[in-house]
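So this one's protein_17.cif, mmCIF, N, CA and C atoms:
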data_entry
#
loop_
_atom_site.label_atom_id
_atom_site.label_comp_id
_atom_site.auth_asym_id
_atom_site.auth_seq_id
_atom_site.Cartn_x
_atom_site.Cartn_y
_atom_site.Cartn_z
N MET O 16 -4.49 -19.39 -3.34
CA MET O 16 -5.50 -18.45 -3.78
C MET O 16 -4.80 -17.30 -4.53
N ALA O 17 -5.34 -16.97 -5.67
CA ALA O 17 -4.76 -15.91 -6.50
C ALA O 17 -5.36 -14.56 -6.13
N ILE O 18 -4.58 -13.52 -6.35
CA ILE O 18 -5.08 -12.17 -6.08
C ILE O 18 -6.17 -11.85 -7.10
N PRO O 19 -7.25 -11.19 -6.67
CA PRO O 19 -8.32 -10.83 -7.61
C PRO O 19 -7.78 -9.92 -8.72
N ASP O 20 -8.33 -10.09 -9.92
CA ASP O 20 -7.87 -9.32 -11.08
C ASP O 20 -7.88 -7.82 -10.84
N PHE O 21 -8.90 -7.33 -10.16
CA PHE O 21 -9.02 -5.88 -9.98
C PHE O 21 -7.97 -5.31 -9.03
N LEU O 22 -7.23 -6.16 -8.34
CA LEU O 22 -6.16 -5.69 -7.46
C LEU O 22 -4.77 -5.91 -8.05
N LYS O 23 -4.71 -6.54 -9.21
CA LYS O 23 -3.41 -6.86 -9.80
C LYS O 23 -2.59 -5.62 -10.15
N SER O 24 -3.22 -4.56 -10.62
CA SER O 24 -2.44 -3.35 -10.95
C SER O 24 -1.81 -2.76 -9.69
N THR O 25 -2.51 -2.82 -8.59
CA THR O 25 -1.96 -2.32 -7.32
C THR O 25 -0.81 -3.20 -6.87
N GLN O 26 -1.00 -4.50 -6.95
CA GLN O 26 0.06 -5.43 -6.58
C GLN O 26 1.31 -5.20 -7.45
N ARG O 27 1.12 -5.06 -8.75
CA ARG O 27 2.26 -4.83 -9.66
C ARG O 27 3.00 -3.55 -9.29
N MET O 28 2.25 -2.48 -9.03
CA MET O 28 2.88 -1.21 -8.68
C MET O 28 3.74 -1.38 -7.43
N LEU O 29 3.23 -2.06 -6.43
CA LEU O 29 3.97 -2.24 -5.18
C LEU O 29 5.20 -3.13 -5.37
N VAL O 30 5.04 -4.20 -6.11
CA VAL O 30 6.16 -5.11 -6.34
C VAL O 30 7.26 -4.43 -7.15
N HIS O 31 6.88 -3.65 -8.16
CA HIS O 31 7.88 -2.95 -8.97
C HIS O 31 8.56 -1.84 -8.17
N ALA O 32 7.80 -1.14 -7.35
CA ALA O 32 8.38 -0.05 -6.56
C ALA O 32 9.31 -0.57 -5.47
N PHE O 33 9.05 -1.78 -4.99
CA PHE O 33 9.85 -2.35 -3.90
C PHE O 33 10.26 -3.79 -4.24
N PRO O 34 11.12 -3.94 -5.25
CA PRO O 34 11.49 -5.28 -5.71
C PRO O 34 12.26 -6.11 -4.68
N ASN O 35 12.86 -5.46 -3.72
CA ASN O 35 13.63 -6.17 -2.69
C ASN O 35 12.83 -6.38 -1.41
N GLY O 36 11.53 -6.17 -1.50
CA GLY O 36 10.67 -6.33 -0.34
C GLY O 36 10.35 -5.01 0.33
N ILE O 37 9.47 -5.07 1.29
CA ILE O 37 8.97 -3.87 1.96
C ILE O 37 9.39 -3.91 3.42
N SER O 38 10.15 -2.91 3.82
CA SER O 38 10.58 -2.81 5.21
C SER O 38 9.38 -2.49 6.10
N GLU O 39 9.56 -2.63 7.39
CA GLU O 39 8.49 -2.34 8.35
C GLU O 39 8.05 -0.88 8.23
N GLU O 40 9.02 0.04 8.11
CA GLU O 40 8.68 1.46 7.98
C GLU O 40 7.90 1.72 6.70
N CYS O 41 8.35 1.15 5.60
CA CYS O 41 7.64 1.31 4.32
C CYS O 41 6.24 0.71 4.38
N TYR O 42 6.10 -0.40 5.07
CA TYR O 42 4.81 -1.05 5.24
C TYR O 42 3.79 -0.06 5.80
N TRP O 43 4.16 0.60 6.88
CA TRP O 43 3.24 1.55 7.52
C TRP O 43 2.97 2.74 6.62
N VAL O 44 3.99 3.23 5.94
CA VAL O 44 3.81 4.37 5.04
C VAL O 44 2.92 3.98 3.87
N LEU O 45 3.09 2.79 3.33
CA LEU O 45 2.24 2.34 2.23
C LEU O 45 0.78 2.27 2.66
N ILE O 46 0.53 1.71 3.82
CA ILE O 46 -0.85 1.68 4.31
C ILE O 46 -1.40 3.10 4.42
N PHE O 47 -0.59 3.99 4.96
CA PHE O 47 -1.00 5.39 5.11
C PHE O 47 -1.33 6.02 3.75
N LEU O 48 -0.48 5.81 2.76
CA LEU O 48 -0.66 6.42 1.45
C LEU O 48 -1.81 5.80 0.65
N LEU O 49 -2.03 4.51 0.80
CA LEU O 49 -3.06 3.83 0.02
C LEU O 49 -4.44 3.87 0.68
N TYR O 50 -4.48 4.10 1.97
CA TYR O 50 -5.72 3.99 2.75
C TYR O 50 -6.88 4.80 2.19
N ASP O 51 -6.63 6.03 1.81
CA ASP O 51 -7.71 6.90 1.32
C ASP O 51 -8.18 6.54 -0.08
N HIS O 52 -7.49 5.63 -0.75
CA HIS O 52 -7.80 5.31 -2.14
C HIS O 52 -8.38 3.92 -2.33
N MET O 53 -8.48 3.16 -1.25
CA MET O 53 -8.94 1.77 -1.37
C MET O 53 -9.89 1.43 -0.23
N ALA O 54 -10.78 0.51 -0.52
CA ALA O 54 -11.61 -0.05 0.54
C ALA O 54 -10.70 -0.83 1.49
N ASP O 55 -11.05 -0.84 2.77
CA ASP O 55 -10.22 -1.51 3.77
C ASP O 55 -9.92 -2.96 3.39
N GLU O 56 -10.95 -3.69 3.01
CA GLU O 56 -10.76 -5.10 2.67
C GLU O 56 -9.81 -5.28 1.49
N ASN O 57 -9.96 -4.43 0.48
CA ASN O 57 -9.08 -4.54 -0.69
C ASN O 57 -7.64 -4.20 -0.34
N LEU O 58 -7.45 -3.20 0.47
CA LEU O 58 -6.10 -2.84 0.91
C LEU O 58 -5.49 -3.98 1.71
N ALA O 59 -6.25 -4.56 2.60
CA ALA O 59 -5.75 -5.68 3.40
C ALA O 59 -5.37 -6.87 2.51
N VAL O 60 -6.19 -7.15 1.51
CA VAL O 60 -5.91 -8.27 0.61
C VAL O 60 -4.63 -8.03 -0.17
N VAL O 61 -4.50 -6.87 -0.80
CA VAL O 61 -3.32 -6.62 -1.64
C VAL O 61 -2.05 -6.57 -0.79
N MET O 62 -2.12 -5.95 0.37
CA MET O 62 -0.93 -5.90 1.22
C MET O 62 -0.57 -7.29 1.71
N SER O 63 -1.55 -8.12 1.96
CA SER O 63 -1.30 -9.49 2.39
C SER O 63 -0.49 -10.25 1.35
N TYR O 64 -0.84 -10.06 0.09
CA TYR O 64 -0.09 -10.71 -0.99
C TYR O 64 1.32 -10.17 -1.11
N VAL O 65 1.46 -8.87 -0.95
CA VAL O 65 2.76 -8.24 -1.17
C VAL O 65 3.73 -8.48 -0.02
N VAL O 66 3.25 -8.39 1.22
CA VAL O 66 4.15 -8.53 2.36
C VAL O 66 4.06 -9.89 3.04
N GLU O 67 3.15 -10.72 2.54
CA GLU O 67 2.99 -12.08 3.05
C GLU O 67 2.69 -12.11 4.55
N LYS O 68 1.74 -11.26 4.96
CA LYS O 68 1.22 -11.28 6.32
C LYS O 68 -0.25 -11.69 6.22
N PRO O 69 -0.79 -12.26 7.27
CA PRO O 69 -2.20 -12.61 7.26
C PRO O 69 -3.10 -11.37 7.11
N ILE O 70 -4.17 -11.54 6.38
CA ILE O 70 -5.10 -10.43 6.13
C ILE O 70 -5.60 -9.84 7.44
N GLY O 71 -5.88 -10.68 8.43
CA GLY O 71 -6.39 -10.19 9.71
C GLY O 71 -5.44 -9.23 10.41
N ILE O 72 -4.16 -9.53 10.36
CA ILE O 72 -3.17 -8.64 10.97
C ILE O 72 -3.14 -7.31 10.23
N ILE O 73 -3.16 -7.38 8.92
CA ILE O 73 -3.13 -6.14 8.14
C ILE O 73 -4.40 -5.34 8.38
N ALA O 74 -5.54 -6.01 8.45
CA ALA O 74 -6.80 -5.30 8.71
C ALA O 74 -6.72 -4.54 10.03
N ASN O 75 -6.14 -5.14 11.05
CA ASN O 75 -5.95 -4.44 12.32
C ASN O 75 -4.98 -3.28 12.19
N ASP O 76 -3.94 -3.47 11.39
CA ASP O 76 -2.95 -2.41 11.19
C ASP O 76 -3.56 -1.19 10.50
N LEU O 77 -4.59 -1.40 9.67
CA LEU O 77 -5.23 -0.27 8.99
C LEU O 77 -5.74 0.75 9.99
N TYR O 78 -6.20 0.27 11.12
CA TYR O 78 -6.77 1.17 12.12
C TYR O 78 -5.71 1.78 13.03
N LYS O 79 -4.53 1.20 13.05
CA LYS O 79 -3.43 1.72 13.86
C LYS O 79 -2.65 2.83 13.15
N VAL O 80 -2.67 2.80 11.82
CA VAL O 80 -1.76 3.65 11.06
C VAL O 80 -1.95 5.13 11.36
N ASN O 81 -3.16 5.57 11.61
CA ASN O 81 -3.39 6.99 11.86
C ASN O 81 -2.96 7.42 13.26
N GLU O 82 -2.64 6.46 14.11
CA GLU O 82 -2.14 6.77 15.45
C GLU O 82 -0.62 6.94 15.46
N LEU O 83 0.02 6.52 14.39
CA LEU O 83 1.48 6.59 14.31
C LEU O 83 1.94 7.96 13.85
N GLU O 84 3.12 8.31 14.26
CA GLU O 84 3.76 9.52 13.77
C GLU O 84 4.79 9.10 12.73
N LEU O 85 4.36 9.13 11.48
CA LEU O 85 5.25 8.74 10.39
C LEU O 85 6.11 9.92 9.98
N ALA O 86 7.36 9.65 9.73
CA ALA O 86 8.29 10.70 9.33
C ALA O 86 7.92 11.23 7.94
N GLU O 87 7.86 12.52 7.81
CA GLU O 87 7.52 13.13 6.51
C GLU O 87 8.50 12.70 5.44
N LYS O 88 9.76 12.57 5.80
CA LYS O 88 10.78 12.15 4.84
C LYS O 88 10.46 10.73 4.33
N ALA O 89 10.06 9.85 5.21
CA ALA O 89 9.71 8.48 4.82
C ALA O 89 8.51 8.47 3.89
N ILE O 90 7.53 9.30 4.19
CA ILE O 90 6.34 9.40 3.34
C ILE O 90 6.73 9.87 1.95
N GLN O 91 7.57 10.89 1.89
CA GLN O 91 8.00 11.42 0.60
C GLN O 91 8.81 10.39 -0.19
N GLU O 92 9.68 9.66 0.48
CA GLU O 92 10.51 8.66 -0.20
C GLU O 92 9.66 7.53 -0.78
N VAL O 93 8.72 7.05 0.00
CA VAL O 93 7.85 5.96 -0.48
C VAL O 93 6.97 6.46 -1.61
N GLU O 94 6.43 7.66 -1.46
CA GLU O 94 5.60 8.22 -2.52
C GLU O 94 6.40 8.42 -3.80
N CYS O 95 7.64 8.82 -3.67
CA CYS O 95 8.52 8.99 -4.84
C CYS O 95 8.73 7.66 -5.56
N GLU O 96 8.96 6.61 -4.81
CA GLU O 96 9.12 5.28 -5.42
C GLU O 96 7.84 4.85 -6.12
N LEU O 97 6.71 5.05 -5.47
CA LEU O 97 5.43 4.69 -6.09
C LEU O 97 5.18 5.50 -7.36
N ASN O 98 5.55 6.77 -7.33
CA ASN O 98 5.33 7.63 -8.50
C ASN O 98 6.10 7.15 -9.72
N LYS O 99 7.23 6.50 -9.51
CA LYS O 99 8.00 5.95 -10.62
C LYS O 99 7.23 4.86 -11.35
N TYR O 100 6.24 4.29 -10.67
CA TYR O 100 5.48 3.18 -11.23
C TYR O 100 3.98 3.50 -11.35
N GLY O 101 3.69 4.79 -11.52
CA GLY O 101 2.34 5.18 -11.88
C GLY O 101 1.38 5.48 -10.75
N PHE O 102 1.87 5.83 -9.59
CA PHE O 102 0.99 6.09 -8.45
C PHE O 102 -0.04 7.18 -8.74
N GLU O 103 0.38 8.26 -9.35
CA GLU O 103 -0.56 9.36 -9.63
C GLU O 103 -1.68 8.90 -10.56
N LYS O 104 -1.33 8.17 -11.59
CA LYS O 104 -2.34 7.63 -12.51
C LYS O 104 -3.21 6.61 -11.78
N TRP O 105 -2.60 5.76 -10.99
CA TRP O 105 -3.32 4.76 -10.22
C TRP O 105 -4.37 5.41 -9.32
N LYS O 106 -3.98 6.51 -8.66
CA LYS O 106 -4.92 7.18 -7.76
C LYS O 106 -6.16 7.66 -8.52
N LYS O 107 -5.98 8.05 -9.75
CA LYS O 107 -7.13 8.52 -10.55
C LYS O 107 -7.95 7.37 -11.10
N ASP O 108 -7.28 6.28 -11.45
CA ASP O 108 -7.93 5.16 -12.14
C ASP O 108 -8.44 4.07 -11.22
N GLU O 109 -7.83 3.91 -10.07
CA GLU O 109 -8.09 2.72 -9.24
C GLU O 109 -8.79 3.03 -7.94
N LEU O 110 -9.78 3.84 -7.94
CA LEU O 110 -10.50 4.11 -6.71
C LEU O 110 -11.35 2.88 -6.38
N LEU O 111 -10.81 2.05 -5.51
CA LEU O 111 -11.46 0.77 -5.20
C LEU O 111 -12.22 0.90 -3.91
#

I need this file expressed as C-alpha coordinates, please.
Amino acid sequence: MAIPDFLKSTQRMLVHAFPNGISEECYWVLIFLLYDHMADENLAVVMSYVVEKPIGIIANDLYKVNELELAEKAIQEVECELNKYGFEKWKKDELL
(Lines of atoms letter the chains of each structure in order from A and count residues from 1; the text may use other names and numbers.)
(Lines give C-alpha, C1' and ligand atoms only; values in the text may rest on other atoms or scores of the structure.)
Protein backbone atom coordinates (compact mmCIF):
# COMPACT_ATOMS: atom_id res chain seq x y z
CA MET A 1 0.00 0.00 0.00
CA ALA A 2 1.36 3.40 -0.99
CA ILE A 3 1.29 6.45 1.24
CA PRO A 4 -1.55 8.84 0.30
CA ASP A 5 -0.44 11.77 -1.88
CA PHE A 6 -1.46 14.36 0.69
CA LEU A 7 0.97 12.86 3.22
CA LYS A 8 3.95 12.59 0.89
CA SER A 9 5.37 16.02 1.77
CA THR A 10 5.35 15.05 5.45
CA GLN A 11 6.98 11.72 4.71
CA ARG A 12 9.67 13.41 2.58
CA MET A 13 10.42 15.95 5.31
CA LEU A 14 10.86 13.19 7.90
CA VAL A 15 12.97 10.96 5.66
CA HIS A 16 15.25 13.85 4.66
CA ALA A 17 15.59 15.09 8.24
CA PHE A 18 16.43 11.58 9.50
CA PRO A 19 18.10 9.71 6.62
CA ASN A 20 19.65 7.14 8.97
CA GLY A 21 16.36 6.30 10.63
CA ILE A 22 14.52 7.55 13.67
CA SER A 23 15.68 6.62 17.15
CA GLU A 24 13.16 5.81 19.88
CA GLU A 25 13.71 9.22 21.51
CA CYS A 26 13.26 11.04 18.19
CA TYR A 27 10.13 8.99 17.52
CA TRP A 28 8.44 10.34 20.63
CA VAL A 29 9.63 13.89 19.99
CA LEU A 30 8.36 13.75 16.40
CA ILE A 31 4.94 12.64 17.55
CA PHE A 32 4.96 15.45 20.10
CA LEU A 33 5.97 18.08 17.51
CA LEU A 34 3.61 16.91 14.75
CA TYR A 35 0.58 16.11 16.91
CA ASP A 36 -0.92 19.61 16.96
CA HIS A 37 -0.59 19.96 13.19
CA MET A 38 -2.12 16.71 11.95
CA ALA A 39 -5.20 14.60 12.41
CA ASP A 40 -4.46 11.57 14.58
CA GLU A 41 -5.11 9.10 11.77
CA ASN A 42 -2.88 10.98 9.33
CA LEU A 43 -0.06 11.21 11.85
CA ALA A 44 -0.34 7.49 12.58
CA VAL A 45 -0.27 6.66 8.87
CA VAL A 46 2.76 8.78 8.02
CA MET A 47 4.73 7.65 11.06
CA SER A 48 3.89 4.05 10.22
CA TYR A 49 5.51 4.47 6.82
CA VAL A 50 8.55 6.26 8.18
CA VAL A 51 9.33 4.07 11.20
CA GLU A 52 7.79 0.86 9.89
CA LYS A 53 5.59 0.21 12.93
CA PRO A 54 1.97 -0.88 12.73
CA ILE A 55 -0.53 1.98 12.59
CA GLY A 56 -2.34 0.63 15.66
CA ILE A 57 0.76 0.86 17.83
CA ILE A 58 1.44 4.39 16.66
CA ALA A 59 -2.19 5.38 17.23
CA ASN A 60 -1.85 4.22 20.84
CA ASP A 61 1.44 6.07 21.19
CA LEU A 62 -0.27 9.33 20.16
CA TYR A 63 -2.17 9.26 23.42
CA LYS A 64 0.89 8.39 25.51
CA VAL A 65 3.13 11.17 24.25
CA ASN A 66 1.68 13.88 26.47
CA GLU A 67 2.32 11.75 29.55
CA LEU A 68 6.05 11.61 28.83
CA GLU A 69 8.62 14.05 30.07
CA LEU A 70 10.55 14.81 26.91
CA ALA A 71 13.88 16.56 27.29
CA GLU A 72 13.76 20.14 26.03
CA LYS A 73 17.15 19.63 24.41
CA ALA A 74 15.80 16.65 22.43
CA ILE A 75 12.80 18.66 21.31
CA GLN A 76 15.03 21.49 20.14
CA GLU A 77 17.40 19.14 18.30
CA VAL A 78 14.61 17.35 16.44
CA GLU A 79 12.89 20.63 15.61
CA CYS A 80 16.20 21.99 14.30
CA GLU A 81 16.58 18.99 11.98
CA LEU A 82 13.00 19.37 10.76
CA ASN A 83 13.53 23.09 10.16
CA LYS A 84 16.36 22.29 7.75
CA TYR A 85 13.74 20.58 5.59
CA GLY A 86 10.92 23.09 5.74
CA PHE A 87 9.12 22.39 9.02
CA GLU A 88 8.05 26.01 9.50
CA LYS A 89 6.61 26.20 5.99
CA TRP A 90 5.06 22.76 6.41
CA LYS A 91 3.29 23.88 9.59
CA LYS A 92 1.67 26.73 7.66
CA ASP A 93 0.86 24.73 4.52
CA GLU A 94 0.04 21.25 5.76
CA LEU A 95 -2.62 21.57 8.40
CA LEU A 96 -4.07 18.10 7.92

Members of chain O assigned alpha helix (DSSP H) by DSSP, as a ChimeraX atom specification: /O:23-32,39-50,55-66,70-79,87-98,102-108

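As for CA of Ala59 (chain O) and CA of Ile73 (chain O), they are spaced 5.4 Å apart.
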
Find the residues around Val44 (chain O) up to 8 Å (all atoms listed in the file counted), leave out those fewer than 2 positions away in its own chain, and share them as JSON, numbers by chain. {"O": [38, 39, 40, 41, 42, 46, 47, 48, 49, 50, 80, 85, 86, 89, 90, 93, 94]}

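Distance annotation: of O:Lys23, O:His52, O:Lys79, O:His31, the residue with the minimal separation from Lys106 (chain O) is O:His52; atom set is all atoms listed in the file.
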
Between CA of Gly71 (chain O) and CA of Tyr100 (chain O), what is the distance, to one decimal in Å? 27.5 Å

Counting only N, CA and C atoms, I want the residues whose atoms come within 6 Å of (9.6, -7.2, 3.3) in the file frame, returned as a list in words. Asn35, Gly36, Ile37, Ser38 and Val66 of chain O

Run the PyMOL selection byres ((chain O and resi 61) around 8) against the file shown and list the residues it catches, as number ranges by chain. O: 18-19, 22-23, 25-26, 55-60, 62-67, 70

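CA of Leu29 (chain O) lies 17.3 Å from CA of Pro69 (chain O).
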
Please determine, counting only C-alpha atoms, which residue among O:Leu97, O:Met53, O:Glu103, O:Glu87 has the shortest atom-to-atom distance to Val30 (chain O). O:Leu97
